[in-house]
Amino acid sequence: MSQQYFLSHVRTGLAALVGSSTPSNARRQEVKLELEVKVSGQGLNISSAVKKDGYIYGPGDVMGFDTVKAINRIGPQPNLSNFEPNYIPFIEFSEADFPWRYSLTTATSLTRNWIPWITLIVLKAPDGSRGEGEYEEVNDYDPSLPARIKVKDLSTLPDLKESWRWAHAQVNVERNINNVKDLREVVHQRPEDTVSRLLCARRLAEKTKYTAMVVPTYKVGLQAALGQSQNVTNELAWDIKGATSDVIIPYYYKWDFRSGARGDFEYLLRLLEPRTFAGLGSMKVSLGNMGYGVRGKDNEVLAAKITMNMEGALASANFSHQRKNKDISEALKELLFSSNVRTGNTANTERRLVPPVYGEYYEEKRNLDRSRSWLAQLNLDPKYRAAASLGARYVQENQEQLMEDAWNQLGEYRKRKQELENLKLATAASDKVFERLKSLGPKEFTHITTPVHRNVRGSEVEADGEKVYMTVFDVLSAVGIPKILTDPSIKRVYNKKSISTPVRSIEETADWTDFTEFQQPFTEEHSIPSTSLLVNSPLPSGGANVESLNTEIVRLNIPNSFLHGPLTTHYQSTAWFSQQIEASQPNTFMGVEHRALRSQTSRIMQLSGSIMQDETSAFENQTYNDTIINTKAAIDPKLAYDRFANYFRSQTPPDYHPRFFTPLYEYLRDNHPEYMVPGLEVVPQNTVMLLASNQKFIEAFMVGANHELARELRWREFPADSKGTFFRKFWDTSIYSVSKEETEEFKNWVIQKSGDQFASAEEAIDSAKKAFEEQSDPERARVYEEALEEWLLTREEDQDIKPIHKWGNNLGGNGMQTSSDSQVILVIRGDLIRKYPNLNIHLVGKENAADNSIQPALTKKESYRYPIFEGSLPPDITMIGFPVSSNDAKDFYIMLEEERSDLRFGLDTHDSGDNSEVNLDNLAWEDFEPPVEDGFYLTDNLLKDVENRFASTTGWKATAAQCAKVFRQPPVRVAIDLKRLLPHS
């Protein structure tokens, strides 16, 4: 694990030879060098010492630095709009000694307190109508010199005498180091593991625009940057005690940012309070006059004085559903069955427009008479009919877009279906050719399948302790098959009908008496295609140069269905299949007369006759015979058909209907938020609590949406199964808590969806995943992110309801989970997640610690439970679902973790009256005496006060290194026992 060490300063090279401050009348540091020269041998033994006084560059010699090479990173990032005001800005340099390289003096007699030659300052920037700022840009200056500003009040600048405290170096190593000597070796031997920084210890105001600038610390550096004559002195650039206004200060580098509202992650996290609420999830609604002449058994209008508890998507864990009113249920059932009514006292009937029976396309309408039917429970209870009507309203308000998407899906479905038919035809044609190919002898088969030898697996071997596959090409080479018999440039023609037009001519000088020498230039220098065939005119006796031959290259037309071995990288389209079928038809030969061609080729093969006789035993090798079997199996057209047919079948189900994976909770959130968590108005700010999903409400809502779309599809004569479930997604599961096992599932899903079953697909996915995690390639990261979101939204186990035509008896029992109580929802109300949307949230099991206390089992990854869905309710509510039942929730902690981001420096902040114990790990701006107010700098007196408080217990001293350690803000996490969030606790 990486260890970090802070150093108060680093001086290297000649600067390290300077042991103390430069005299006050010098603007460079003096270095005394002494070199001893010895000469011995041949009777000589002479030694002489050479002494030389020299100087190293000082701050007055610097007019700027290469910001691209010198600066490693800055904090906050330029133009950031919500920098935490309790943090302090910093700038990091890639070289460990950079801030002290040209320093002239130390602040004290201790050499560790070198005053850096540059300082980081932060001033309020001009911000239009919001404020004039603490400085002005100076535009009238020599452009060859650094830019400059005019500071209006010198008291807004830090005390340069204390600048040594806010410069430090950091060393990163992979081991523990216990002495300075080892650290010194790391700095010198591994400079890439060391950096240096400048901090600006000024407390920032909220919601204010600032400019951070790197400026010279010494007066000679300031004068040089301003183009003024330099005083021979090591005086500092300014003295805040002799405060004056309108001071001109040059700067080498600057950037702007804006502070946000008060509160960093830790502050907002401490504001959260676990709370429990009973009865959340319903609101009183008056039924009023239901219309349609609905009357009770006494013929009086019902519902005039009846109220119901209208439910929502979420409710308290102990929520109980209101029982339905029997009179209203009976009246509704009579109404829904009364589409045909008698007119007066006659036997005539007329059609009557009645409310819809939600779900009647999936369940027979007569089941309204069955009390245990979900159809009856939904349609005969007003609160669930109201939920279904909300789902129907979603379709009505978005029907044009939904229909456009449905027609597009139908087009894709028909395209895939046609491709499946084309695949069947191409496979049938290729299979006929393959049967002829299988009948060839081993030598002929090896010769004609040369193009695929590098793409087909041969034998399995062990390398470096792992089993790997050799290609057929490698196996044939290993068993001694001559290369001239397997080289794609020189192969014999066996299929008389598969020769096409000559492609091009090649001329090359070579000695035909040694065939192996001729082969090498052809295959490597000219890169002859692997499907090409070398053909020559009759060979002259006694050997000849190629220049005297009429040489042609003729392409052999092997159907590429043979090439679908396990290592082939691309799926060929059905259009390509059609081209191959056409090219493989009899009598398509054009160009060279094939008998002459075979005769010419035979002449070439005769040249290798002696070699073939010597290597005949290679063809009888068992490994070779096994390789032939593997090759035949790999190029079988049925292999390609089986692979791609499964893909096409998955895309063309017989019971086709359009599918939509938009999380429908978003419609409630954006248009009817009162139905998300009825009663939420009683929950105060900064609350964390547990709720449960109301599966009955969710199922009723989803039935309404599916029912309404089925009606619309019928109206528009859309060819689809009306029993299909078009919407199954209520919650948003496109969150990125994907485990290692799920990553493999996702990879397989991408491969199946794309139709690419080969190794290249896995490599491409792994590469895109790395780009997404490291944000190294934005385009590939975007593609990976979109694919991951689609998978998380579409995979079967993450759907919120089963297909409706497969539902059981009771409403509320048809989710994909085993029961409606198989998940809990964490609800957080406050600014924490709004300000830190990348907050890591998960559950961790419990374990007994060494002192028998109950602690989170942080080391037991198997006890972790990650979110399965999330939702939000503007402006400040976040809902996160976990696959844990209400009964099991007591066995878990909820972990809220700050994302591990870039390094940050600053102090905590707390409200007045906070009596929490003060220590170096939670030191706050308010802990100083007096507390540090906005715009003020930390001074030596304030730090000494803290030093005195902690010196006796921790040995803490306010050195630059120890200040860096205390001001560093590591990521924060908190564990909350879920037992505290359950109503009965």
# chains A, B, ... in the order shown; residues from 1 in each chain; ligands from 1

$ select_by_dssp --residues "range 304-425 of chain A" --states "strand (DSSP E or B)" --output "list in words"
Thr307, Met308, Asn309, Met310, Glu311, Leu314, Ala315, Ser316, Asn340, Val341, Arg342, Thr349, Glu350 and Arg351 of chain A

$ select_by_dssp --residues "range 906-956 of chain A" --states "alpha helix (DSSP H)" --output "PyMOL selection string"
chain A and resi 940-954

$ residues_around --residues "range 151-153 of chain A" --least-positions-apart "5" --cutoff "6 Å" --atoms "only C-alpha atoms" --output "number ranges by chain"
A: 134-135, 245-247

$ write_last_selection --atoms "N, CA, C and O atoms" --output "mmCIF file, in the first residue's frame"
data_model
loop_
_atom_site.group_PDB
_atom_site.id
_atom_site.type_symbol
_atom_site.label_atom_id
_atom_site.label_comp_id
_atom_site.auth_asym_id
_atom_site.auth_seq_id
_atom_site.Cartn_x
_atom_site.Cartn_y
_atom_site.Cartn_z
ATOM 1 N N GLU A 134 -10.398 42.641 -4.841
ATOM 2 C CA GLU A 134 -9.298 43.164 -4.027
ATOM 3 C C GLU A 134 -8.082 43.557 -4.861
ATOM 4 O O GLU A 134 -7.053 43.925 -4.309
ATOM 5 N N TYR A 135 -8.202 43.454 -6.174
ATOM 6 C CA TYR A 135 -7.084 43.833 -7.039
ATOM 7 C C TYR A 135 -7.628 44.299 -8.378
ATOM 8 O O TYR A 135 -8.809 44.108 -8.699
ATOM 9 N N SER A 245 -1.445 51.003 0.219
ATOM 10 C CA SER A 245 -2.395 50.623 -0.819
ATOM 11 C C SER A 245 -1.750 50.744 -2.191
ATOM 12 O O SER A 245 -0.680 51.342 -2.347
ATOM 13 N N ASP A 246 -2.438 50.200 -3.179
ATOM 14 C CA ASP A 246 -2.008 50.280 -4.575
ATOM 15 C C ASP A 246 -0.582 49.772 -4.762
ATOM 16 O O ASP A 246 0.303 50.460 -5.279
ATOM 17 N N VAL A 247 -0.330 48.540 -4.348
ATOM 18 C CA VAL A 247 0.964 47.906 -4.516
ATOM 19 C C VAL A 247 0.944 47.094 -5.807
ATOM 20 O O VAL A 247 0.014 46.313 -6.047
#

$ residues_around --residues "range 917-922 of chain A" --least-positions-apart "3" --cutoff "12 Å" --atoms "only C-alpha atoms" --output "ChimeraX atom specification"
/A:266-267,906-910,913-914,925-928,943,946-947,949-951,953-958,962-970,972

$ write_last_selection --atoms "N, CA, C and O atoms" --output "short mmCIF file (atom, residue, chain, number, x, y, z; two decimals), in the first residue's frame"
data_model
loop_
_atom_site.label_atom_id
_atom_site.label_comp_id
_atom_site.auth_asym_id
_atom_site.auth_seq_id
_atom_site.Cartn_x
_atom_site.Cartn_y
_atom_site.Cartn_z
N GLU A 266 -17.77 16.31 4.85
CA GLU A 266 -17.82 15.90 6.26
C GLU A 266 -18.83 16.73 7.04
O GLU A 266 -19.59 16.21 7.87
N TYR A 267 -18.87 18.03 6.76
CA TYR A 267 -19.81 18.91 7.46
C TYR A 267 -21.25 18.51 7.17
O TYR A 267 -22.07 18.38 8.09
N GLY A 906 -7.26 21.78 3.86
CA GLY A 906 -8.18 22.69 4.51
C GLY A 906 -8.42 22.25 5.94
O GLY A 906 -7.75 21.36 6.48
N LEU A 907 -9.41 22.88 6.58
CA LEU A 907 -9.81 22.54 7.94
C LEU A 907 -11.31 22.28 7.97
O LEU A 907 -12.05 22.68 7.06
N ASP A 908 -11.74 21.61 9.03
CA ASP A 908 -13.17 21.37 9.19
C ASP A 908 -13.88 22.66 9.57
O ASP A 908 -13.25 23.69 9.85
N THR A 909 -15.19 22.59 9.60
CA THR A 909 -15.99 23.71 10.07
C THR A 909 -17.16 23.16 10.85
O THR A 909 -17.67 22.07 10.55
N HIS A 910 -17.56 23.85 11.90
CA HIS A 910 -18.72 23.41 12.68
C HIS A 910 -19.46 24.62 13.20
O HIS A 910 -18.96 25.76 13.18
N GLY A 913 -21.16 26.46 19.42
CA GLY A 913 -21.81 25.64 20.43
C GLY A 913 -21.54 24.17 20.27
O GLY A 913 -21.99 23.36 21.09
N ASP A 914 -20.80 23.79 19.22
CA ASP A 914 -20.44 22.38 19.04
C ASP A 914 -19.41 22.00 20.10
O ASP A 914 -18.31 22.54 20.15
N TRP A 925 -11.73 25.68 11.69
CA TRP A 925 -11.40 27.10 11.71
C TRP A 925 -11.90 27.76 12.99
O TRP A 925 -11.31 28.73 13.48
N GLU A 926 -12.98 27.25 13.53
CA GLU A 926 -13.56 27.84 14.73
C GLU A 926 -12.81 27.45 16.01
O GLU A 926 -13.12 27.97 17.09
N ASP A 927 -11.84 26.52 15.91
CA ASP A 927 -11.13 26.06 17.10
C ASP A 927 -9.97 26.96 17.51
O ASP A 927 -9.36 26.74 18.56
N PHE A 928 -9.64 27.95 16.69
CA PHE A 928 -8.56 28.85 17.04
C PHE A 928 -9.07 29.95 17.98
O PHE A 928 -10.27 30.24 18.02
N LEU A 943 -1.28 29.48 15.20
CA LEU A 943 -0.75 28.12 15.10
C LEU A 943 0.02 27.75 16.36
O LEU A 943 0.01 26.59 16.80
N VAL A 946 -2.39 26.44 18.95
CA VAL A 946 -2.75 25.04 18.73
C VAL A 946 -1.57 24.14 19.09
O VAL A 946 -1.73 23.07 19.67
N GLU A 947 -0.37 24.60 18.74
CA GLU A 947 0.83 23.82 19.05
C GLU A 947 0.95 23.59 20.55
O GLU A 947 1.26 22.48 21.02
N ARG A 949 -1.48 23.52 22.71
CA ARG A 949 -2.55 22.65 23.19
C ARG A 949 -2.23 21.18 22.96
O ARG A 949 -2.64 20.32 23.74
N PHE A 950 -1.55 20.87 21.87
CA PHE A 950 -1.35 19.47 21.50
C PHE A 950 0.08 18.98 21.66
O PHE A 950 0.35 17.81 21.49
N ALA A 951 1.01 19.86 21.97
CA ALA A 951 2.41 19.45 22.06
C ALA A 951 2.61 18.41 23.15
O ALA A 951 3.40 17.46 23.00
N THR A 953 0.50 16.16 24.31
CA THR A 953 -0.13 14.87 24.07
C THR A 953 0.32 14.21 22.78
O THR A 953 0.40 12.98 22.70
N THR A 954 0.65 14.98 21.77
CA THR A 954 1.01 14.40 20.48
C THR A 954 2.41 14.77 20.01
O THR A 954 2.90 14.22 19.03
N GLY A 955 3.02 15.71 20.68
CA GLY A 955 4.33 16.18 20.23
C GLY A 955 4.24 17.00 18.96
O GLY A 955 5.25 17.20 18.28
N TRP A 956 3.06 17.52 18.68
CA TRP A 956 2.85 18.22 17.41
C TRP A 956 3.52 19.59 17.43
O TRP A 956 3.41 20.35 18.38
N LYS A 957 4.23 19.88 16.35
CA LYS A 957 4.84 21.18 16.14
C LYS A 957 4.38 21.72 14.80
O LYS A 957 4.19 20.97 13.85
N ALA A 958 4.20 23.03 14.73
CA ALA A 958 3.66 23.64 13.53
C ALA A 958 4.72 23.83 12.46
O ALA A 958 4.95 24.93 11.96
N GLN A 962 4.28 19.12 9.24
CA GLN A 962 3.16 18.74 10.09
C GLN A 962 1.91 19.54 9.78
O GLN A 962 0.80 19.04 9.92
N CYS A 963 2.06 20.76 9.34
CA CYS A 963 0.89 21.53 8.89
C CYS A 963 0.26 20.87 7.67
O CYS A 963 -0.96 20.81 7.54
N ALA A 964 1.11 20.38 6.75
CA ALA A 964 0.58 19.69 5.57
C ALA A 964 -0.21 18.45 5.97
O ALA A 964 -1.27 18.17 5.42
N LYS A 965 0.30 17.73 6.97
CA LYS A 965 -0.40 16.53 7.42
C LYS A 965 -1.74 16.86 8.05
O LYS A 965 -2.75 16.20 7.79
N VAL A 966 -1.80 17.90 8.90
CA VAL A 966 -3.05 18.26 9.56
C VAL A 966 -4.05 18.86 8.58
O VAL A 966 -5.26 18.60 8.66
N PHE A 967 -3.57 19.65 7.64
CA PHE A 967 -4.48 20.32 6.70
C PHE A 967 -4.96 19.39 5.59
O PHE A 967 -5.92 19.71 4.91
N ARG A 968 -4.28 18.28 5.39
CA ARG A 968 -4.73 17.34 4.36
C ARG A 968 -6.09 16.78 4.75
O ARG A 968 -6.31 16.33 5.87
N GLN A 969 -7.04 16.79 3.79
CA GLN A 969 -8.40 16.32 4.04
C GLN A 969 -8.61 14.96 3.36
O GLN A 969 -8.84 14.89 2.15
N PRO A 970 -8.51 13.87 4.10
CA PRO A 970 -8.70 12.55 3.49
C PRO A 970 -10.18 12.29 3.24
O PRO A 970 -11.05 12.97 3.80
N VAL A 972 -13.85 10.79 3.62
CA VAL A 972 -14.60 10.52 4.84
C VAL A 972 -15.67 9.47 4.56
O VAL A 972 -16.25 9.43 3.48
#

$ decode --residues "range 408-427 of chain A" --atoms "N, CA, C and O atoms" --output "compact mmCIF listing (two decimals), in the first residue's frame"
# COMPACT_ATOMS: atom_id res chain seq x y z
N ASN A 408 -40.16 1.95 -35.18
CA ASN A 408 -38.73 1.73 -35.40
C ASN A 408 -38.31 0.35 -34.92
O ASN A 408 -37.51 -0.34 -35.58
N GLN A 409 -38.84 -0.07 -33.79
CA GLN A 409 -38.52 -1.41 -33.29
C GLN A 409 -39.04 -2.48 -34.24
O GLN A 409 -38.39 -3.51 -34.46
N LEU A 410 -40.22 -2.26 -34.81
CA LEU A 410 -40.78 -3.22 -35.75
C LEU A 410 -39.89 -3.34 -36.99
O LEU A 410 -39.67 -4.44 -37.51
N GLY A 411 -39.37 -2.19 -37.46
CA GLY A 411 -38.46 -2.24 -38.60
C GLY A 411 -37.22 -3.06 -38.31
O GLY A 411 -36.77 -3.86 -39.15
N GLU A 412 -36.64 -2.88 -37.12
CA GLU A 412 -35.48 -3.67 -36.73
C GLU A 412 -35.84 -5.15 -36.61
O GLU A 412 -35.05 -6.02 -36.99
N TYR A 413 -37.01 -5.44 -36.10
CA TYR A 413 -37.45 -6.83 -35.95
C TYR A 413 -37.55 -7.51 -37.32
O TYR A 413 -37.06 -8.63 -37.52
N ARG A 414 -38.16 -6.82 -38.27
CA ARG A 414 -38.30 -7.41 -39.61
C ARG A 414 -36.94 -7.56 -40.29
O ARG A 414 -36.70 -8.53 -41.01
N LYS A 415 -36.05 -6.61 -40.04
CA LYS A 415 -34.70 -6.70 -40.62
C LYS A 415 -33.97 -7.91 -40.08
O LYS A 415 -33.35 -8.68 -40.83
N ARG A 416 -34.01 -8.13 -38.77
CA ARG A 416 -33.36 -9.29 -38.17
C ARG A 416 -33.99 -10.59 -38.66
O ARG A 416 -33.28 -11.58 -38.88
N LYS A 417 -35.27 -10.58 -38.83
CA LYS A 417 -35.93 -11.80 -39.30
C LYS A 417 -35.49 -12.14 -40.71
O LYS A 417 -35.27 -13.32 -41.06
N GLN A 418 -35.35 -11.12 -41.56
CA GLN A 418 -34.87 -11.36 -42.92
C GLN A 418 -33.42 -11.83 -42.91
O GLN A 418 -33.03 -12.71 -43.69
N GLU A 419 -32.62 -11.27 -42.01
CA GLU A 419 -31.22 -11.69 -41.92
C GLU A 419 -31.12 -13.15 -41.49
O GLU A 419 -30.23 -13.88 -41.94
N LEU A 420 -32.04 -13.59 -40.65
CA LEU A 420 -32.04 -14.99 -40.23
C LEU A 420 -32.34 -15.90 -41.42
O LEU A 420 -31.71 -16.95 -41.60
N GLU A 421 -33.27 -15.50 -42.25
CA GLU A 421 -33.58 -16.29 -43.44
C GLU A 421 -32.39 -16.30 -44.40
O GLU A 421 -32.08 -17.34 -45.00
N ASN A 422 -31.75 -15.15 -44.57
CA ASN A 422 -30.57 -15.09 -45.42
C ASN A 422 -29.45 -15.99 -44.88
O ASN A 422 -28.72 -16.64 -45.64
N LEU A 423 -29.31 -16.02 -43.57
CA LEU A 423 -28.29 -16.85 -42.95
C LEU A 423 -28.56 -18.33 -43.22
O LEU A 423 -27.64 -19.10 -43.50
N LYS A 424 -29.82 -18.72 -43.16
CA LYS A 424 -30.17 -20.11 -43.46
C LYS A 424 -29.78 -20.46 -44.90
O LYS A 424 -29.22 -21.53 -45.16
N LEU A 425 -30.09 -19.55 -45.82
CA LEU A 425 -29.78 -19.80 -47.23
C LEU A 425 -28.26 -19.87 -47.44
O LEU A 425 -27.76 -20.78 -48.12
N ALA A 426 -27.52 -18.92 -46.87
CA ALA A 426 -26.07 -18.91 -47.04
C ALA A 426 -25.43 -20.15 -46.44
O ALA A 426 -24.50 -20.73 -47.01
N THR A 427 -25.94 -20.59 -45.32
CA THR A 427 -25.38 -21.78 -44.68
C THR A 427 -25.64 -23.03 -45.51
O THR A 427 -24.77 -23.90 -45.64
